[in-house]
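**Student:** Next comes the structure file query.pdb, holding PDB, C-alpha atoms.
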ATOM      1  CA  MET V   1       4.162 -14.432 -13.966
ATOM      2  CA  ARG V   2       0.435 -13.897 -13.363
ATOM      3  CA  ASN V   3      -1.694 -11.051 -14.728
ATOM      4  CA  LEU V   4      -4.826 -10.385 -12.679
ATOM      5  CA  ALA V   5      -7.496  -7.704 -12.325
ATOM      6  CA  SER V   6      -7.566  -5.418  -9.296
ATOM      7  CA  GLY V   7      -8.997  -7.158  -6.254
ATOM      8  CA  ALA V   8      -8.150 -10.625  -7.533
ATOM      9  CA  SER V   9      -6.847 -13.059  -4.956
ATOM     10  CA  PHE V  10      -3.656 -14.989  -5.324
ATOM     11  CA  HIS V  11      -2.472 -17.902  -3.234
ATOM     12  CA  TRP V  12       0.744 -19.750  -2.409
ATOM     13  CA  GLN V  13       1.041 -23.166  -0.854
ATOM     14  CA  ARG V  14       3.857 -25.627  -0.363
ATOM     15  CA  ALA V  15       4.434 -28.063  -3.224
ATOM     16  CA  ALA V  16       3.691 -31.699  -2.435
ATOM     17  CA  GLY V  17       6.809 -33.462  -1.166
ATOM     18  CA  SER V  18       8.685 -30.243  -0.365
ATOM     19  CA  THR V  19      10.406 -30.349   3.037
ATOM     20  CA  LEU V  20      12.842 -27.425   2.810
ATOM     21  CA  PRO V  21      11.985 -24.136   4.549
ATOM     22  CA  HIS V  22      10.220 -21.549   2.380
ATOM     23  CA  ASN V  23       8.281 -18.298   2.639
ATOM     24  CA  VAL V  24       6.867 -15.576   0.363
ATOM     25  CA  ARG V  25       8.113 -12.002   0.555
ATOM     26  CA  GLN V  26       7.485  -9.019  -1.716
ATOM     27  CA  ASN V  27      10.632  -6.897  -2.155
ATOM     28  CA  PHE V  28       9.468  -4.119   0.215
ATOM     29  CA  LYS V  29       7.296  -6.419   2.350
ATOM     30  CA  LEU V  30       4.094  -5.061   0.863
ATOM     31  CA  PHE V  31       3.128  -8.660   1.579
ATOM     32  CA  TYR V  32       5.009 -11.256   3.616
ATOM     33  CA  SER V  33       3.996 -14.763   4.671
ATOM     34  CA  GLY V  34       6.298 -14.694   7.713
ATOM     35  CA  ALA V  35       9.543 -16.412   8.612
ATOM     36  CA  ALA V  36      10.671 -19.333   6.461
ATOM     37  CA  THR V  37       9.129 -22.589   7.638
ATOM     38  CA  SER V  38       9.292 -26.290   6.835
ATOM     39  CA  GLY V  39       5.636 -26.476   7.847
ATOM     40  CA  PRO V  40       2.600 -25.665   5.749
ATOM     41  CA  ILE V  41       2.512 -22.492   3.677
ATOM     42  CA  ASN V  42      -1.041 -21.499   2.926
ATOM     43  CA  TYR V  43      -0.879 -17.782   2.130
ATOM     44  CA  SER V  44      -3.495 -15.755   0.233
ATOM     45  CA  LEU V  45      -4.240 -12.103  -0.367
ATOM     46  CA  SER V  46      -6.261  -9.751  -2.522
ATOM     47  CA  ALA V  47      -4.126  -7.141  -4.201
ATOM     48  CA  SER V  48      -4.552  -3.641  -5.465
ATOM     49  CA  ALA V  49      -3.183  -2.650  -8.875
ATOM     50  CA  GLY V  50       0.591  -2.861  -9.277
ATOM     51  CA  SER V  51       3.414  -5.260 -10.156
ATOM     52  CA  TYR V  52       4.765  -7.282  -7.265
ATOM     53  CA  HIS V  53       8.087  -9.108  -7.417
ATOM     54  CA  TYR V  54       8.235 -11.765  -4.696
ATOM     55  CA  TYR V  55      10.723 -14.392  -3.599
ATOM     56  CA  CYS V  56      11.567 -17.008  -0.994
ATOM     57  CA  GLU V  57      14.026 -15.486   1.503
ATOM     58  CA  VAL V  58      15.909 -18.804   1.754
ATOM     59  CA  HIS V  59      16.193 -19.678  -1.942
ATOM     60  CA  GLY V  60      15.816 -16.356  -3.732
ATOM     61  CA  SER V  61      16.380 -12.626  -3.488
ATOM     62  CA  ALA V  62      15.077  -9.357  -4.845
ATOM     63  CA  SER V  63      17.203 -10.037  -7.937
ATOM     64  CA  GLY V  64      16.285 -13.667  -8.688
ATOM     65  CA  GLY V  65      16.411 -17.283  -7.616
ATOM     66  CA  MET V  66      13.144 -18.764  -6.372
ATOM     67  CA  ASP V  67      11.005 -15.772  -7.309
ATOM     68  CA  GLY V  68       8.152 -14.538  -9.455
ATOM     69  CA  VAL V  69       6.020 -11.533 -10.386
ATOM     70  CA  VAL V  70       2.291 -10.957  -9.952
ATOM     71  CA  ARG V  71       0.854  -8.133 -12.062
ATOM     72  CA  VAL V  72      -2.521  -6.677 -11.156
ATOM     73  CA  ARG V  73      -4.192  -4.189 -13.515
ATOM     74  CA  PRO V  74      -6.801  -1.571 -12.640
ATOM     75  CA  ILE V  75     -10.399  -2.106 -13.725
ATOM     76  CA  PHE V  76     -13.105   0.352 -14.836
ATOM     77  CA  ASN V  77     -16.808   0.833 -15.248
ATOM     78  CA  LEU V  78     -18.607   3.297 -17.481
ATOM     79  CA  GLY V  79     -20.379   5.060 -14.592
ATOM     80  CA  PRO V  80     -21.350   7.745 -14.002
ATOM     81  CA  THR V  81     -23.609   8.211 -17.034
ATOM     82  CA  GLY V  82     -21.916  10.133 -19.839
ATOM     83  CA  ALA V  83     -18.373  10.404 -21.109
ATOM     84  CA  PRO V  84     -16.561  10.277 -17.724
ATOM     85  CA  PHE V  85     -15.836   6.779 -16.359
ATOM     86  CA  THR V  86     -14.611   5.288 -13.089
ATOM     87  CA  VAL V  87     -11.141   3.744 -12.790
ATOM     88  CA  ILE V  88     -10.692   1.337  -9.861
ATOM     89  CA  TRP V  89      -7.182   0.523  -8.625
ATOM     90  CA  ALA V  90      -8.146  -1.155  -5.319
ATOM     91  CA  LEU V  91     -11.378  -2.714  -4.161
ATOM     92  CA  GLY V  92     -13.345  -0.707  -1.591
ATOM     93  CA  GLY V  93     -13.513  -1.515   2.078
ATOM     94  CA  THR V  94     -12.739  -0.055   5.443
ATOM     95  CA  SER V  95      -9.176  -1.326   5.852
ATOM     96  CA  GLY V  96      -6.042  -1.030   3.735
ATOM     97  CA  THR V  97      -5.017  -3.804   1.388
ATOM     98  CA  LYS V  98      -2.070  -6.031   2.241
ATOM     99  CA  THR V  99      -0.320  -4.528  -0.758
ATOM    100  CA  GLY V 100      -0.572  -0.909   0.364
ATOM    101  CA  ASP V 101      -2.974   1.792   1.437
ATOM    102  CA  HIS V 102      -1.776   4.661  -0.777
ATOM    103  CA  PHE V 103      -1.674   4.725  -4.545
ATOM    104  CA  ASP V 104      -0.220   6.495  -7.565
ATOM    105  CA  VAL V 105      -2.189   6.467 -10.828
ATOM    106  CA  ARG V 106      -0.979   7.731 -14.179
ATOM    107  CA  TYR V 107      -2.726   8.075 -17.528
ATOM    108  CA  ARG V 108      -2.161   8.930 -21.145
ATOM    109  CA  VAL V 109      -4.451   9.761 -24.029
ATOM    110  CA  GLY V 110      -3.706   7.421 -26.929
ATOM    111  CA  THR V 111      -1.229   4.574 -26.846
ATOM    112  CA  SER V 112       2.082   6.380 -27.313
ATOM    113  CA  ALA V 113       1.708   9.707 -25.488
ATOM    114  CA  THR V 114       3.763  10.534 -22.394
ATOM    115  CA  TRP V 115       2.409   9.210 -19.093
ATOM    116  CA  LYS V 116       1.029  11.920 -16.755
ATOM    117  CA  PHE V 117       0.189  11.621 -13.061
ATOM    118  CA  TRP V 118      -3.522  11.717 -12.327
ATOM    119  CA  ARG V 119      -3.430  10.723  -8.634
ATOM    120  CA  ASN V 120      -0.308  10.809  -6.490
ATOM    121  CA  ASP V 121       0.024   9.223  -3.015
ATOM    122  CA  VAL V 122      -3.750   9.046  -2.451
ATOM    123  CA  ALA V 123      -5.760   6.823  -0.123
ATOM    124  CA  ALA V 124      -8.726   6.809  -2.536
ATOM    125  CA  ARG V 125      -9.255   3.455  -4.236
ATOM    126  CA  SER V 126     -10.969   4.777  -7.364
ATOM    127  CA  GLY V 127     -11.688   7.980  -9.227
ATOM    128  CA  VAL V 128     -13.965   9.362 -11.915
ATOM    129  CA  PHE V 129     -11.786  10.208 -14.893
ATOM    130  CA  GLY V 130     -13.031  13.169 -16.923
ATOM    131  CA  GLN V 131     -15.472  14.438 -14.309
ATOM    132  CA  ASN V 132     -15.849  18.203 -14.856
ATOM    133  CA  GLY V 133     -13.206  17.861 -17.584
ATOM    134  CA  GLN V 134     -10.525  16.818 -15.083
ATOM    135  CA  PRO V 135      -7.775  15.990 -15.809
ATOM    136  CA  VAL V 136      -8.973  16.077 -19.445
ATOM    137  CA  GLN V 137     -12.283  16.181 -21.275
ATOM    138  CA  VAL V 138     -13.227  12.588 -22.160
ATOM    139  CA  VAL V 139     -14.051  12.199 -25.853
ATOM    140  CA  PRO V 140     -16.057   9.110 -26.860
ATOM    141  CA  GLY V 141     -14.043   6.943 -29.257
ATOM    142  CA  SER V 142     -10.670   8.124 -27.913
ATOM    143  CA  THR V 143      -8.269   5.757 -26.170
ATOM    144  CA  TYR V 144      -7.254   6.303 -22.542
ATOM    145  CA  GLN V 145      -4.652   4.196 -20.766
ATOM    146  CA  PHE V 146      -3.972   3.840 -17.037
ATOM    147  CA  GLN V 147      -1.371   2.288 -14.765
ATOM    148  CA  ALA V 148      -1.364   2.224 -10.964
ATOM    149  CA  ARG V 149       0.980   1.205  -8.185
ATOM    150  CA  SER V 150       0.530   0.579  -4.468
ATOM    151  CA  GLN V 151       2.624   1.618  -1.511
ATOM    152  CA  LYS V 152       2.837   1.543   2.253
ATOM    153  CA  ILE V 153       5.842   3.878   2.282
ATOM    154  CA  PRO V 154       6.133   6.453  -0.556
ATOM    155  CA  SER V 155       9.768   5.557  -1.264
ATOM    156  CA  GLN V 156       8.900   1.849  -1.638
ATOM    157  CA  PRO V 157       6.055   1.456  -4.146
ATOM    158  CA  SER V 158       5.188  -1.635  -6.113
ATOM    159  CA  GLY V 159       6.018  -1.598  -9.803
ATOM    160  CA  TRP V 160       3.509  -0.108 -12.232
ATOM    161  CA  SER V 161       0.540  -2.292 -13.072
ATOM    162  CA  PRO V 162      -0.162  -3.684 -16.516
ATOM    163  CA  THR V 163      -1.911  -1.090 -18.657
ATOM    164  CA  LEU V 164      -5.685  -0.709 -18.571
ATOM    165  CA  THR V 165      -7.057   0.562 -21.893
ATOM    166  CA  VAL V 166     -10.447   2.259 -22.006
ATOM    167  CA  ASN V 167     -12.309   3.281 -25.189
ATOM    168  CA  PRO V 168     -15.513   4.965 -23.957
TER     169      PRO V 168
END
Could you show the structure in this file as structure tokens?

**Tutor:**
Amino acid sequence: MRNLASGASFHWQRAAGSTLPHNVRQNFKLFYSGAATSGPINYSLSASAGSYHYYCEVHGSASGGMDGVVRVRPIFNLGPTGAPFTVIWALGGTSGTKTGDHFDVRYRVGTSATWKFWRNDVAARSGVFGQNGQPVQVVPGSTYQFQARSQKIPSQPSGWSPTLTVNP
């Protein structure tokens, strides 16, 4: 299992000496290296926030076998000036990510409160949390937590990302 920050790249390649056919497929094909091959596998991508279970279609399945999980957390910066801050769940650009082009983002105030949706099925890749008091007034010294997930089809999202904790 790998834990990465939003926008981080991850890469698969065939192990030395391996001759059996392999490929890389995320459960809902949010990313897919193509048909299984005995040739070279040299597959990379940059991911938006979410948890991505993947497997080899020949030697694994959505429930196990030759498989793994990559977890990508959102990131933040303290802009704009003041108590609001920016949460980033996918790096900017003009095209969608390989891991989805719509996103759900949830938050909670504190570390044990109930999660609440902040953004649901949005194409935006970031948002200013607390701007104009929305969804809540940001209080310096308080703890705010965020999780995000990516999707190409609303009924087939990635898993929730690892939690981002912000203490402005």

**Student:** So how many Å separate atom CA of V:His53 and atom CA of V:Phe129, to one decimal?

**Tutor:**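 These two atoms are separated by 28.7 Å.
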
**Student:** Of the candidates V:Ser51, V:Thr86, V:Ser155, V:Ser44, which shows the shortest atom-to-atom distance to V:Val70, using all atoms listed in the file?

**Tutor:**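 For V:Val70, the nearest of the candidates is V:Ser51.
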
**Student:** Excluding same-chain residues fewer than 4 positions from V:Gln147, what lies within 10 Å of it counting only C-alpha atoms, as a list in words?

**Tutor:**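 Near neighbours after the sequence-gap exclusion: Ala49, Gly50, Val72, Arg73, Pro74, Trp89, Asp104, Val105, Arg106, Tyr107, Arg108, Trp115, Phe117, Trp118, Gly159, Trp160, Ser161, Pro162, Thr163, Leu164 and Thr165 of chain V.
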
**Student:** Rank nothing, just name the residue among V:Ser48, V:Ser142, V:Gln134, V:Asn77 nearest to V:Phe103, using all atoms listed in the file.

**Tutor:**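 Of V:Ser48, V:Ser142, V:Gln134, V:Asn77, the one nearest V:Phe103, counting all atoms listed in the file, is V:Ser48.
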
**Student:** State, in Å with one decimal place, the distance from atom CA of V:Ser158 to atom CA of V:Ile41.

**Tutor:**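 It comes out at 23.2 Å.
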
**Student:** In terms of the shortest atom-to-atom distance over all atoms listed in the file, which of V:Gly100, V:Gly64, V:Pro157, V:Pro135 is closest to V:Ala47?

**Tutor:**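 For V:Ala47, the nearest of the candidates is V:Gly100.
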
**Student:** Could you pull out every residue with an atom within 12 Å of (11.6, -27.2, 11.2), file coordinates, counting all atoms listed in the file, and send them as number ranges by chain?

**Tutor:** V: 19-22, 35-40

**Student:** Select, from V:Lys152, V:Arg125, V:His11, V:His102, the residue with the minimum atom-to-atom distance to V:Ser46, counting only C-alpha atoms.

**Tutor:** V:His11

**Student:** Could you rebuild stretch 28-53 of chain V with N, CA, C and O atoms and give it back as a CSV table (one decimal), keeping the file's coordinate frame?

**Tutor:**
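For reference, result-v3.csv as written:
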chain,number,residue,atom,x,y,z
V,28,PHE,N,9.6,-5.1,-0.9
V,28,PHE,CA,9.5,-4.1,0.2
V,28,PHE,C,8.5,-4.5,1.3
V,28,PHE,O,8.0,-3.7,2.1
V,29,LYS,N,8.2,-5.8,1.4
V,29,LYS,CA,7.3,-6.4,2.4
V,29,LYS,C,5.9,-5.8,2.3
V,29,LYS,O,5.2,-5.6,3.3
V,30,LEU,N,5.5,-5.5,1.0
V,30,LEU,CA,4.1,-5.1,0.9
V,30,LEU,C,3.2,-6.2,1.2
V,30,LEU,O,2.1,-6.1,1.6
V,31,PHE,N,3.7,-7.5,1.0
V,31,PHE,CA,3.1,-8.7,1.6
V,31,PHE,C,4.3,-9.6,2.0
V,31,PHE,O,5.3,-9.6,1.4
V,32,TYR,N,4.0,-10.4,3.0
V,32,TYR,CA,5.0,-11.3,3.6
V,32,TYR,C,4.3,-12.4,4.4
V,32,TYR,O,3.5,-12.1,5.2
V,33,SER,N,4.7,-13.6,4.0
V,33,SER,CA,4.0,-14.8,4.7
V,33,SER,C,4.6,-15.1,6.1
V,33,SER,O,4.0,-15.9,6.8
V,34,GLY,N,5.7,-14.4,6.4
V,34,GLY,CA,6.3,-14.7,7.7
V,34,GLY,C,7.6,-15.4,7.5
V,34,GLY,O,8.1,-15.6,6.4
V,35,ALA,N,8.2,-15.8,8.6
V,35,ALA,CA,9.5,-16.4,8.6
V,35,ALA,C,9.5,-17.7,7.8
V,35,ALA,O,8.4,-18.4,7.8
V,36,ALA,N,10.6,-18.1,7.2
V,36,ALA,CA,10.7,-19.3,6.5
V,36,ALA,C,10.3,-20.5,7.4
V,36,ALA,O,10.7,-20.5,8.6
V,37,THR,N,9.6,-21.5,6.8
V,37,THR,CA,9.1,-22.6,7.6
V,37,THR,C,9.2,-23.9,6.8
V,37,THR,O,9.0,-23.8,5.6
V,38,SER,N,9.4,-25.0,7.5
V,38,SER,CA,9.3,-26.3,6.8
V,38,SER,C,7.9,-26.8,6.9
V,38,SER,O,7.5,-27.8,6.3
V,39,GLY,N,7.0,-26.1,7.7
V,39,GLY,CA,5.6,-26.5,7.8
V,39,GLY,C,4.8,-26.0,6.7
V,39,GLY,O,5.3,-25.5,5.7
V,40,PRO,N,3.5,-26.1,6.8
V,40,PRO,CA,2.6,-25.7,5.7
V,40,PRO,C,2.7,-24.2,5.4
V,40,PRO,O,2.9,-23.3,6.3
V,41,ILE,N,2.7,-23.9,4.1
V,41,ILE,CA,2.5,-22.5,3.7
V,41,ILE,C,1.2,-22.5,3.0
V,41,ILE,O,0.9,-23.2,2.0
V,42,ASN,N,0.3,-21.6,3.5
V,42,ASN,CA,-1.0,-21.5,2.9
V,42,ASN,C,-1.4,-20.0,3.0
V,42,ASN,O,-2.0,-19.6,3.9
V,43,TYR,N,-0.9,-19.2,2.1
V,43,TYR,CA,-0.9,-17.8,2.1
V,43,TYR,C,-1.7,-17.2,1.0
V,43,TYR,O,-1.4,-17.5,-0.2
V,44,SER,N,-2.7,-16.4,1.3
V,44,SER,CA,-3.5,-15.8,0.2
V,44,SER,C,-3.6,-14.3,0.5
V,44,SER,O,-3.5,-13.8,1.7
V,45,LEU,N,-3.9,-13.5,-0.5
V,45,LEU,CA,-4.2,-12.1,-0.4
V,45,LEU,C,-4.9,-11.6,-1.6
V,45,LEU,O,-4.8,-12.1,-2.7
V,46,SER,N,-5.7,-10.5,-1.4
V,46,SER,CA,-6.3,-9.8,-2.5
V,46,SER,C,-5.4,-8.5,-2.7
V,46,SER,O,-5.0,-7.9,-1.7
V,47,ALA,N,-5.1,-8.2,-3.9
V,47,ALA,CA,-4.1,-7.1,-4.2
V,47,ALA,C,-4.8,-6.0,-4.9
V,47,ALA,O,-5.7,-6.2,-5.7
V,48,SER,N,-4.2,-4.8,-4.7
V,48,SER,CA,-4.6,-3.6,-5.5
V,48,SER,C,-3.7,-3.6,-6.7
V,48,SER,O,-2.7,-4.4,-6.8
V,49,ALA,N,-3.9,-2.7,-7.6
V,49,ALA,CA,-3.2,-2.6,-8.9
V,49,ALA,C,-1.7,-2.4,-8.6
V,49,ALA,O,-1.3,-1.6,-7.8
V,50,GLY,N,-0.9,-3.0,-9.4
V,50,GLY,CA,0.6,-2.9,-9.3
V,50,GLY,C,1.3,-4.1,-9.8
V,50,GLY,O,0.6,-5.1,-10.2
V,51,SER,N,2.6,-4.1,-9.8
V,51,SER,CA,3.4,-5.3,-10.2
V,51,SER,C,4.2,-5.6,-8.9
V,51,SER,O,4.9,-4.7,-8.4
V,52,TYR,N,4.2,-6.9,-8.5
V,52,TYR,CA,4.8,-7.3,-7.3
V,52,TYR,C,5.8,-8.4,-7.5
V,52,TYR,O,5.4,-9.5,-7.8
V,53,HIS,N,7.1,-8.1,-7.4
V,53,HIS,CA,8.1,-9.1,-7.4
V,53,HIS,C,8.1,-9.7,-6.0
V,53,HIS,O,8.1,-9.0,-5.0
